[in-house]
Amino acid sequence: MDKPFAESCEQNKEAILSVLREIFTQDALLLEIGSGTGQHAVYFSRHLPHLTWQTSDLTDRHHAIGQWLDDAALDNVLAPLALDVSQAIWPISQADAIFSANTLHIMSWHHVSRFFDGAGKILQRGGKLAVYGPFNYHGNFSSDSNARFDQWLKDRDPLSGIRDFEALDALALPHGMRFDQDIEMPVNNRILVWVKQ
């Protein structure tokens with residue numbers, strides 16, 4: 001049986017990897033929030049062997065992630081945790097680093113807020129949170145294609161949508177996460193990085 005496959009993961013993996021190499025340079029336990037199909041976890045953990053890559057997602061995604069992990073048989077990638085960001089207590093108590101790709105715009109704002117609450121609680125001092133995806137600045141879309149994408153998201157789920165950088169930074173700050181980097185990526189995406197103080 002063929003594994004679930006996301007074309008977007010294939011298209012962006014090399015560009016993201018080149019940035020992750022620069023961001024996550026130390027040995028670390030990294031939590032990936034929203035591992036999806038598991039493709040990113042396998043690709044990144046294979047190329048970043050100094051990281052122990054902890055996958056996570058809602059339980060209905062675990063079978064797909066497991067298929068990718070089983071085929072790859074990598075020592076440094078761990079079976080997925082059942083993680084819903086709205087949980088009061090996450091199934092992991094600490095992490096040295098956190099990565100999430102293409103998640104914040106498919107969540108409700110309540111879930112985005114809980115994402116930063118949970119990340120702030122478990123991220124260790126000096127640890128980095130890196131989030132990949134499209135973002136707005138001062139309420140403005142960075143491209144026409146992002147505006148169209150936002151409308152598509154809202155047609156699918158009115159609670160979703162491309163998030164404003166300033167609003168995300170305001171969520172991170174009370175949890176001791178200081179904004180560190182805004183890295184331009186292909187196709188009107190960014191990687192935003194916060195550091196836990």
# chains A, B, ... in the order shown; residues from 1 in each chain; ligands from 1
>>> residues_around(residues="region 97-102 of chain A", least_positions_apart="6", cutoff="9 Å", atoms="only C-alpha atoms", output="list in words")
Phe24, Ala28, Leu29, Leu30, Leu31, Glu32, Ile33, Gly34, Ser35, His40, Ala119, Leu123, Gln124, Gly126, Gly127, Lys128, Leu129, Ala130, Val131, Tyr132, Gly133, Pro134 and Ile191 of chain A
>>> select_by_dssp(residues="region 144-184 of chain A", states="strand (DSSP E or B)", output="PyMOL selection string")
chain A and resi 163-164+177-184
>>> write_last_selection(atoms="all heavy atoms", output="mmCIF file, in the first residue's frame")
data_model
loop_
_atom_site.group_PDB
_atom_site.id
_atom_site.type_symbol
_atom_site.label_atom_id
_atom_site.label_comp_id
_atom_site.auth_asym_id
_atom_site.auth_seq_id
_atom_site.Cartn_x
_atom_site.Cartn_y
_atom_site.Cartn_z
ATOM 1 N N ARG A 163 -1.950 34.352 9.186
ATOM 2 C CA ARG A 163 -1.836 35.117 10.431
ATOM 3 C C ARG A 163 -0.878 36.290 10.292
ATOM 4 O O ARG A 163 0.085 36.239 9.528
ATOM 5 C CB ARG A 163 -1.358 34.188 11.559
ATOM 6 C CG ARG A 163 -2.238 32.950 11.746
ATOM 7 C CD ARG A 163 -3.680 33.315 11.997
ATOM 8 N NE ARG A 163 -4.558 32.156 12.098
ATOM 9 C CZ ARG A 163 -5.881 32.228 12.180
ATOM 10 N NH1 ARG A 163 -6.471 33.413 12.163
ATOM 11 N NH2 ARG A 163 -6.602 31.130 12.271
ATOM 12 N N ASP A 164 -1.152 37.326 11.078
ATOM 13 C CA ASP A 164 -0.282 38.506 11.100
ATOM 14 C C ASP A 164 0.931 38.245 11.993
ATOM 15 O O ASP A 164 0.774 37.789 13.139
ATOM 16 C CB ASP A 164 -1.031 39.717 11.650
ATOM 17 C CG ASP A 164 -2.043 40.282 10.673
ATOM 18 O OD1 ASP A 164 -2.101 39.786 9.525
ATOM 19 O OD2 ASP A 164 -2.771 41.208 11.054
ATOM 20 N N MET A 177 9.433 34.282 24.825
ATOM 21 C CA MET A 177 10.029 33.971 23.530
ATOM 22 C C MET A 177 10.279 35.276 22.780
ATOM 23 O O MET A 177 9.346 35.986 22.421
ATOM 24 C CB MET A 177 9.131 33.016 22.739
ATOM 25 C CG MET A 177 9.052 31.645 23.371
ATOM 26 S SD MET A 177 8.119 30.416 22.403
ATOM 27 C CE MET A 177 6.444 30.996 22.634
ATOM 28 N N ARG A 178 11.542 35.575 22.558
ATOM 29 C CA ARG A 178 11.954 36.803 21.886
ATOM 30 C C ARG A 178 12.121 36.553 20.396
ATOM 31 O O ARG A 178 12.769 35.596 19.985
ATOM 32 C CB ARG A 178 13.277 37.318 22.474
ATOM 33 C CG ARG A 178 13.823 38.569 21.783
ATOM 34 C CD ARG A 178 15.175 38.975 22.361
ATOM 35 N NE ARG A 178 16.152 37.900 22.330
ATOM 36 C CZ ARG A 178 16.849 37.545 21.244
ATOM 37 N NH1 ARG A 178 16.681 38.170 20.101
ATOM 38 N NH2 ARG A 178 17.733 36.554 21.326
ATOM 39 N N PHE A 179 11.535 37.424 19.572
ATOM 40 C CA PHE A 179 11.650 37.256 18.130
ATOM 41 C C PHE A 179 13.096 37.399 17.700
ATOM 42 O O PHE A 179 13.810 38.296 18.144
ATOM 43 C CB PHE A 179 10.781 38.285 17.392
ATOM 44 C CG PHE A 179 10.822 38.084 15.914
ATOM 45 C CD1 PHE A 179 10.266 36.963 15.338
ATOM 46 C CD2 PHE A 179 11.464 38.995 15.102
ATOM 47 C CE1 PHE A 179 10.336 36.757 13.970
ATOM 48 C CE2 PHE A 179 11.538 38.809 13.734
ATOM 49 C CZ PHE A 179 10.971 37.684 13.171
ATOM 50 N N ASP A 180 13.536 36.518 16.813
ATOM 51 C CA ASP A 180 14.950 36.452 16.441
ATOM 52 C C ASP A 180 15.196 36.623 14.950
ATOM 53 O O ASP A 180 16.086 37.373 14.552
ATOM 54 C CB ASP A 180 15.524 35.108 16.907
ATOM 55 C CG ASP A 180 17.021 34.998 16.682
ATOM 56 O OD1 ASP A 180 17.759 35.848 17.196
ATOM 57 O OD2 ASP A 180 17.446 34.051 15.987
ATOM 58 N N GLN A 181 14.424 35.931 14.097
ATOM 59 C CA GLN A 181 14.705 35.973 12.658
ATOM 60 C C GLN A 181 13.418 35.870 11.852
ATOM 61 O O GLN A 181 12.465 35.188 12.242
ATOM 62 C CB GLN A 181 15.600 34.797 12.239
ATOM 63 C CG GLN A 181 16.998 34.804 12.793
ATOM 64 C CD GLN A 181 17.810 33.640 12.240
ATOM 65 O OE1 GLN A 181 18.226 33.645 11.078
ATOM 66 N NE2 GLN A 181 18.030 32.646 13.071
ATOM 67 N N ASP A 182 13.437 36.528 10.693
ATOM 68 C CA ASP A 182 12.372 36.426 9.691
ATOM 69 C C ASP A 182 13.076 36.122 8.378
ATOM 70 O O ASP A 182 13.766 36.989 7.822
ATOM 71 C CB ASP A 182 11.586 37.736 9.621
ATOM 72 C CG ASP A 182 10.460 37.698 8.603
ATOM 73 O OD1 ASP A 182 10.381 36.750 7.807
ATOM 74 O OD2 ASP A 182 9.650 38.649 8.610
ATOM 75 N N ILE A 183 12.926 34.900 7.903
ATOM 76 C CA ILE A 183 13.716 34.419 6.761
ATOM 77 C C ILE A 183 12.805 34.223 5.557
ATOM 78 O O ILE A 183 11.811 33.483 5.629
ATOM 79 C CB ILE A 183 14.425 33.097 7.116
ATOM 80 C CG1 ILE A 183 15.317 33.301 8.351
ATOM 81 C CG2 ILE A 183 15.233 32.582 5.924
ATOM 82 C CD1 ILE A 183 15.712 32.028 9.046
ATOM 83 N N GLU A 184 13.137 34.884 4.467
ATOM 84 C CA GLU A 184 12.344 34.758 3.240
ATOM 85 C C GLU A 184 12.532 33.373 2.627
ATOM 86 O O GLU A 184 13.651 32.865 2.533
ATOM 87 C CB GLU A 184 12.752 35.833 2.240
ATOM 88 C CG GLU A 184 11.913 35.836 0.988
ATOM 89 C CD GLU A 184 12.261 36.979 0.048
ATOM 90 O OE1 GLU A 184 13.210 37.746 0.359
ATOM 91 O OE2 GLU A 184 11.602 37.096 -1.000
#
>>> residues_around(residues="Ser108 (chain A)", least_positions_apart="3", cutoff="7 Å", atoms="only C-alpha atoms", output="ChimeraX atom specification")
/A:111-112,159-160
>>> write_last_selection(atoms="all heavy atoms", output="PDB file, in the first residue's frame")
ATOM      1  N   HIS A 111      -6.712  28.148  18.703  1.00  0.00           N
ATOM      2  CA  HIS A 111      -5.674  27.106  18.651  1.00  0.00           C
ATOM      3  C   HIS A 111      -4.286  27.710  18.444  1.00  0.00           C
ATOM      4  O   HIS A 111      -3.302  27.199  18.986  1.00  0.00           O
ATOM      5  CB  HIS A 111      -5.991  26.092  17.553  1.00  0.00           C
ATOM      6  CG  HIS A 111      -7.060  25.120  17.932  1.00  0.00           C
ATOM      7  ND1 HIS A 111      -8.393  25.426  17.856  1.00  0.00           N
ATOM      8  CD2 HIS A 111      -6.990  23.850  18.410  1.00  0.00           C
ATOM      9  CE1 HIS A 111      -9.109  24.382  18.254  1.00  0.00           C
ATOM     10  NE2 HIS A 111      -8.275  23.418  18.608  1.00  0.00           N
ATOM     11  N   VAL A 112      -4.201  28.790  17.669  1.00  0.00           N
ATOM     12  CA  VAL A 112      -2.905  29.463  17.494  1.00  0.00           C
ATOM     13  C   VAL A 112      -2.410  29.977  18.843  1.00  0.00           C
ATOM     14  O   VAL A 112      -1.225  29.823  19.195  1.00  0.00           O
ATOM     15  CB  VAL A 112      -3.013  30.615  16.473  1.00  0.00           C
ATOM     16  CG1 VAL A 112      -1.718  31.425  16.434  1.00  0.00           C
ATOM     17  CG2 VAL A 112      -3.342  30.072  15.086  1.00  0.00           C
ATOM     18  N   LEU A 159     -12.689  29.981  10.383  1.00  0.00           N
ATOM     19  CA  LEU A 159     -11.829  30.283  11.531  1.00  0.00           C
ATOM     20  C   LEU A 159     -10.341  30.244  11.184  1.00  0.00           C
ATOM     21  O   LEU A 159      -9.501  30.604  12.002  1.00  0.00           O
ATOM     22  CB  LEU A 159     -12.105  29.303  12.675  1.00  0.00           C
ATOM     23  CG  LEU A 159     -13.512  29.359  13.278  1.00  0.00           C
ATOM     24  CD1 LEU A 159     -13.658  28.320  14.375  1.00  0.00           C
ATOM     25  CD2 LEU A 159     -13.822  30.754  13.817  1.00  0.00           C
ATOM     26  N   SER A 160     -10.028  29.787   9.982  1.00  0.00           N
ATOM     27  CA  SER A 160      -8.624  29.694   9.565  1.00  0.00           C
ATOM     28  C   SER A 160      -8.214  30.956   8.815  1.00  0.00           C
ATOM     29  O   SER A 160      -9.014  31.872   8.630  1.00  0.00           O
ATOM     30  CB  SER A 160      -8.412  28.453   8.685  1.00  0.00           C
ATOM     31  OG  SER A 160      -9.119  28.592   7.461  1.00  0.00           O
TER      32      SER A 160
END
>>> closest_residue(among="A:Thr52, A:Ser86, A:Thr103, A:Ser113", to="Leu168 (chain A)", atoms="only C-alpha atoms")
A:Ser113
>>> residues_around(residues="Asp70 (chain A)", least_positions_apart="3", cutoff="12 Å", atoms="only C-alpha atoms", output="PyMOL selection string")
chain A and resi 3+38-39+41-42+62-67+73-75+77-80
>>> write_last_selection(atoms="C-alpha atoms", output="JSON list (two decimals), in the first residue's frame")
[["chain", "number", "residue", "atom", "x", "y", "z"],
["A", 3, "LYS", "CA", 2.19, 5.86, 1.75],
["A", 38, "GLY", "CA", 5.66, 12.33, 8.11],
["A", 39, "GLN", "CA", 7.59, 13.26, 4.96],
["A", 41, "ALA", "CA", 10.25, 14.34, 9.61],
["A", 42, "VAL", "CA", 11.97, 11.63, 7.60],
["A", 62, "HIS", "CA", -0.43, 8.74, 13.12],
["A", 63, "HIS", "CA", -0.87, 5.86, 10.69],
["A", 64, "ALA", "CA", 0.53, 7.91, 7.80],
["A", 65, "ILE", "CA", 3.45, 9.15, 9.89],
["A", 66, "GLY", "CA", 4.14, 5.60, 11.04],
["A", 67, "GLN", "CA", 4.33, 4.33, 7.46],
["A", 73, "ALA", "CA", 13.99, 3.14, 9.90],
["A", 74, "LEU", "CA", 15.97, 6.09, 11.25],
["A", 75, "ASP", "CA", 17.39, 5.98, 14.78],
["A", 77, "VAL", "CA", 13.16, 10.07, 14.63],
["A", 78, "LEU", "CA", 10.53, 9.09, 17.19],
["A", 79, "ALA", "CA", 7.00, 7.71, 16.85],
["A", 80, "PRO", "CA", 4.32, 10.40, 16.90]]
>>> residues_around(residues="Asn12 (chain A)", least_positions_apart="5", cutoff="10 Å", atoms="only C-alpha atoms", output="PDB file with N, CA and C atoms, in the first residue's frame")
ATOM      1  N   GLU A   7       2.529  16.698  -1.994  1.00  0.00           N
ATOM      2  CA  GLU A   7       3.423  17.304  -2.981  1.00  0.00           C
ATOM      3  C   GLU A   7       4.114  18.544  -2.422  1.00  0.00           C
ATOM      4  N   LEU A  17      15.220  22.763   4.639  1.00  0.00           N
ATOM      5  CA  LEU A  17      16.396  22.110   5.222  1.00  0.00           C
ATOM      6  C   LEU A  17      17.585  23.059   5.286  1.00  0.00           C
ATOM      7  N   HIS A  40       8.293  15.338   6.004  1.00  0.00           N
ATOM      8  CA  HIS A  40       9.296  16.283   6.492  1.00  0.00           C
ATOM      9  C   HIS A  40      10.150  15.655   7.583  1.00  0.00           C
ATOM     10  N   MET A 185      11.422  32.760   2.201  1.00  0.00           N
ATOM     11  CA  MET A 185      11.432  31.444   1.582  1.00  0.00           C
ATOM     12  C   MET A 185      10.747  31.519   0.221  1.00  0.00           C
ATOM     13  N   PRO A 186      10.895  30.486  -0.607  1.00  0.00           N
ATOM     14  CA  PRO A 186      10.239  30.514  -1.922  1.00  0.00           C
ATOM     15  C   PRO A 186       8.711  30.582  -1.818  1.00  0.00           C
ATOM     16  N   VAL A 187       8.102  31.032  -2.881  1.00  0.00           N
ATOM     17  CA  VAL A 187       6.641  31.028  -3.058  1.00  0.00           C
ATOM     18  C   VAL A 187       5.934  31.786  -1.936  1.00  0.00           C
ATOM     19  N   ASN A 189       6.517  32.361   1.156  1.00  0.00           N
ATOM     20  CA  ASN A 189       6.521  31.817   2.511  1.00  0.00           C
ATOM     21  C   ASN A 189       7.686  32.417   3.296  1.00  0.00           C
TER      22      ASN A 189
END
>>> decode(residues="region 53-65 of chain A", atoms="all heavy atoms", output="PDB file, in the first residue's frame")
ATOM      1  N   TRP A  53      14.328  13.790  16.496  1.00  0.00           N
ATOM      2  CA  TRP A  53      13.141  14.422  15.916  1.00  0.00           C
ATOM      3  C   TRP A  53      11.889  13.736  16.465  1.00  0.00           C
ATOM      4  O   TRP A  53      11.588  12.601  16.124  1.00  0.00           O
ATOM      5  CB  TRP A  53      13.199  14.292  14.393  1.00  0.00           C
ATOM      6  CG  TRP A  53      12.285  15.191  13.660  1.00  0.00           C
ATOM      7  CD1 TRP A  53      10.952  15.000  13.426  1.00  0.00           C
ATOM      8  CD2 TRP A  53      12.620  16.451  13.042  1.00  0.00           C
ATOM      9  NE1 TRP A  53      10.439  16.047  12.711  1.00  0.00           N
ATOM     10  CE2 TRP A  53      11.442  16.959  12.467  1.00  0.00           C
ATOM     11  CE3 TRP A  53      13.805  17.178  12.933  1.00  0.00           C
ATOM     12  CZ2 TRP A  53      11.406  18.168  11.773  1.00  0.00           C
ATOM     13  CZ3 TRP A  53      13.773  18.378  12.252  1.00  0.00           C
ATOM     14  CH2 TRP A  53      12.595  18.871  11.679  1.00  0.00           C
ATOM     15  N   GLN A  54      11.163  14.455  17.330  1.00  0.00           N
ATOM     16  CA  GLN A  54       9.931  13.922  17.913  1.00  0.00           C
ATOM     17  C   GLN A  54       8.741  14.373  17.075  1.00  0.00           C
ATOM     18  O   GLN A  54       8.390  15.542  17.051  1.00  0.00           O
ATOM     19  CB  GLN A  54       9.761  14.405  19.355  1.00  0.00           C
ATOM     20  CG  GLN A  54       8.441  14.018  20.002  1.00  0.00           C
ATOM     21  CD  GLN A  54       8.294  12.509  20.132  1.00  0.00           C
ATOM     22  OE1 GLN A  54       8.992  11.887  20.925  1.00  0.00           O
ATOM     23  NE2 GLN A  54       7.384  11.922  19.356  1.00  0.00           N
ATOM     24  N   THR A  55       8.120  13.436  16.370  1.00  0.00           N
ATOM     25  CA  THR A  55       6.940  13.763  15.579  1.00  0.00           C
ATOM     26  C   THR A  55       5.714  13.890  16.484  1.00  0.00           C
ATOM     27  O   THR A  55       5.672  13.334  17.586  1.00  0.00           O
ATOM     28  CB  THR A  55       6.676  12.692  14.508  1.00  0.00           C
ATOM     29  OG1 THR A  55       6.510  11.416  15.144  1.00  0.00           O
ATOM     30  CG2 THR A  55       7.826  12.615  13.523  1.00  0.00           C
ATOM     31  N   SER A  56       4.710  14.621  15.985  1.00  0.00           N
ATOM     32  CA  SER A  56       3.444  14.728  16.708  1.00  0.00           C
ATOM     33  C   SER A  56       2.354  15.186  15.752  1.00  0.00           C
ATOM     34  O   SER A  56       2.618  15.852  14.749  1.00  0.00           O
ATOM     35  CB  SER A  56       3.550  15.712  17.881  1.00  0.00           C
ATOM     36  OG  SER A  56       3.525  17.056  17.432  1.00  0.00           O
ATOM     37  N   ASP A  57       1.125  14.812  16.082  1.00  0.00           N
ATOM     38  CA  ASP A  57      -0.036  15.278  15.327  1.00  0.00           C
ATOM     39  C   ASP A  57      -1.279  14.724  15.999  1.00  0.00           C
ATOM     40  O   ASP A  57      -1.188  13.973  16.974  1.00  0.00           O
ATOM     41  CB  ASP A  57       0.024  14.829  13.855  1.00  0.00           C
ATOM     42  CG  ASP A  57      -0.632  15.843  12.917  1.00  0.00           C
ATOM     43  OD1 ASP A  57      -1.750  16.318  13.237  1.00  0.00           O
ATOM     44  OD2 ASP A  57      -0.038  16.174  11.875  1.00  0.00           O
ATOM     45  N   LEU A  58      -2.437  15.080  15.459  1.00  0.00           N
ATOM     46  CA  LEU A  58      -3.676  14.466  15.901  1.00  0.00           C
ATOM     47  C   LEU A  58      -3.617  12.980  15.591  1.00  0.00           C
ATOM     48  O   LEU A  58      -2.930  12.551  14.642  1.00  0.00           O
ATOM     49  CB  LEU A  58      -4.870  15.118  15.196  1.00  0.00           C
ATOM     50  CG  LEU A  58      -5.014  16.639  15.381  1.00  0.00           C
ATOM     51  CD1 LEU A  58      -6.161  17.169  14.521  1.00  0.00           C
ATOM     52  CD2 LEU A  58      -5.229  16.987  16.850  1.00  0.00           C
ATOM     53  N   THR A  59      -4.324  12.182  16.365  1.00  0.00           N
ATOM     54  CA  THR A  59      -4.185  10.722  16.252  1.00  0.00           C
ATOM     55  C   THR A  59      -4.557  10.187  14.876  1.00  0.00           C
ATOM     56  O   THR A  59      -4.010   9.167  14.446  1.00  0.00           O
ATOM     57  CB  THR A  59      -5.018  10.009  17.323  1.00  0.00           C
ATOM     58  OG1 THR A  59      -6.375  10.484  17.262  1.00  0.00           O
ATOM     59  CG2 THR A  59      -4.464  10.294  18.712  1.00  0.00           C
ATOM     60  N   ASP A  60      -5.459  10.865  14.150  1.00  0.00           N
ATOM     61  CA  ASP A  60      -5.847  10.333  12.840  1.00  0.00           C
ATOM     62  C   ASP A  60      -4.738  10.449  11.801  1.00  0.00           C
ATOM     63  O   ASP A  60      -4.838   9.865  10.717  1.00  0.00           O
ATOM     64  CB  ASP A  60      -7.134  10.982  12.326  1.00  0.00           C
ATOM     65  CG  ASP A  60      -7.023  12.485  12.127  1.00  0.00           C
ATOM     66  OD1 ASP A  60      -5.944  13.062  12.414  1.00  0.00           O
ATOM     67  OD2 ASP A  60      -8.019  13.089  11.686  1.00  0.00           O
ATOM     68  N   ARG A  61      -3.669  11.156  12.130  1.00  0.00           N
ATOM     69  CA  ARG A  61      -2.518  11.264  11.220  1.00  0.00           C
ATOM     70  C   ARG A  61      -1.409  10.250  11.549  1.00  0.00           C
ATOM     71  O   ARG A  61      -0.445  10.133  10.790  1.00  0.00           O
ATOM     72  CB  ARG A  61      -1.917  12.673  11.293  1.00  0.00           C
ATOM     73  CG  ARG A  61      -2.898  13.782  10.945  1.00  0.00           C
ATOM     74  CD  ARG A  61      -3.215  13.805   9.468  1.00  0.00           C
ATOM     75  NE  ARG A  61      -4.119  14.879   9.109  1.00  0.00           N
ATOM     76  CZ  ARG A  61      -3.756  16.115   8.799  1.00  0.00           C
ATOM     77  NH1 ARG A  61      -2.473  16.447   8.839  1.00  0.00           N
ATOM     78  NH2 ARG A  61      -4.641  17.017   8.462  1.00  0.00           N
ATOM     79  N   HIS A  62      -1.532   9.577  12.650  1.00  0.00           N
ATOM     80  CA  HIS A  62      -0.428   8.741  13.122  1.00  0.00           C
ATOM     81  C   HIS A  62      -0.120   7.569  12.203  1.00  0.00           C
ATOM     82  O   HIS A  62       1.040   7.173  12.066  1.00  0.00           O
ATOM     83  CB  HIS A  62      -0.708   8.238  14.543  1.00  0.00           C
ATOM     84  CG  HIS A  62      -0.560   9.291  15.581  1.00  0.00           C
ATOM     85  ND1 HIS A  62      -0.384   9.014  16.909  1.00  0.00           N
ATOM     86  CD2 HIS A  62      -0.555  10.656  15.492  1.00  0.00           C
ATOM     87  CE1 HIS A  62      -0.285  10.140  17.597  1.00  0.00           C
ATOM     88  NE2 HIS A  62      -0.396  11.152  16.755  1.00  0.00           N
ATOM     89  N   HIS A  63      -1.124   6.994  11.568  1.00  0.00           N
ATOM     90  CA  HIS A  63      -0.870   5.859  10.691  1.00  0.00           C
ATOM     91  C   HIS A  63       0.022   6.260   9.524  1.00  0.00           C
ATOM     92  O   HIS A  63       0.989   5.557   9.189  1.00  0.00           O
ATOM     93  CB  HIS A  63      -2.187   5.270  10.171  1.00  0.00           C
ATOM     94  CG  HIS A  63      -2.001   4.092   9.271  1.00  0.00           C
ATOM     95  ND1 HIS A  63      -1.489   2.889   9.716  1.00  0.00           N
ATOM     96  CD2 HIS A  63      -2.218   3.943   7.936  1.00  0.00           C
ATOM     97  CE1 HIS A  63      -1.427   2.041   8.709  1.00  0.00           C
ATOM     98  NE2 HIS A  63      -1.844   2.652   7.620  1.00  0.00           N
ATOM     99  N   ALA A  64      -0.284   7.420   8.928  1.00  0.00           N
ATOM    100  CA  ALA A  64       0.531   7.908   7.805  1.00  0.00           C
ATOM    101  C   ALA A  64       1.962   8.174   8.248  1.00  0.00           C
ATOM    102  O   ALA A  64       2.920   7.760   7.580  1.00  0.00           O
ATOM    103  CB  ALA A  64      -0.086   9.183   7.228  1.00  0.00           C
ATOM    104  N   ILE A  65       2.100   8.856   9.381  1.00  0.00           N
ATOM    105  CA  ILE A  65       3.446   9.152   9.887  1.00  0.00           C
ATOM    106  C   ILE A  65       4.197   7.850  10.143  1.00  0.00           C
ATOM    107  O   ILE A  65       5.378   7.714   9.784  1.00  0.00           O
ATOM    108  CB  ILE A  65       3.358   9.995  11.178  1.00  0.00           C
ATOM    109  CG1 ILE A  65       2.697  11.347  10.896  1.00  0.00           C
ATOM    110  CG2 ILE A  65       4.753  10.208  11.777  1.00  0.00           C
ATOM    111  CD1 ILE A  65       2.298  12.111  12.143  1.00  0.00           C
TER     112      ILE A  65
END
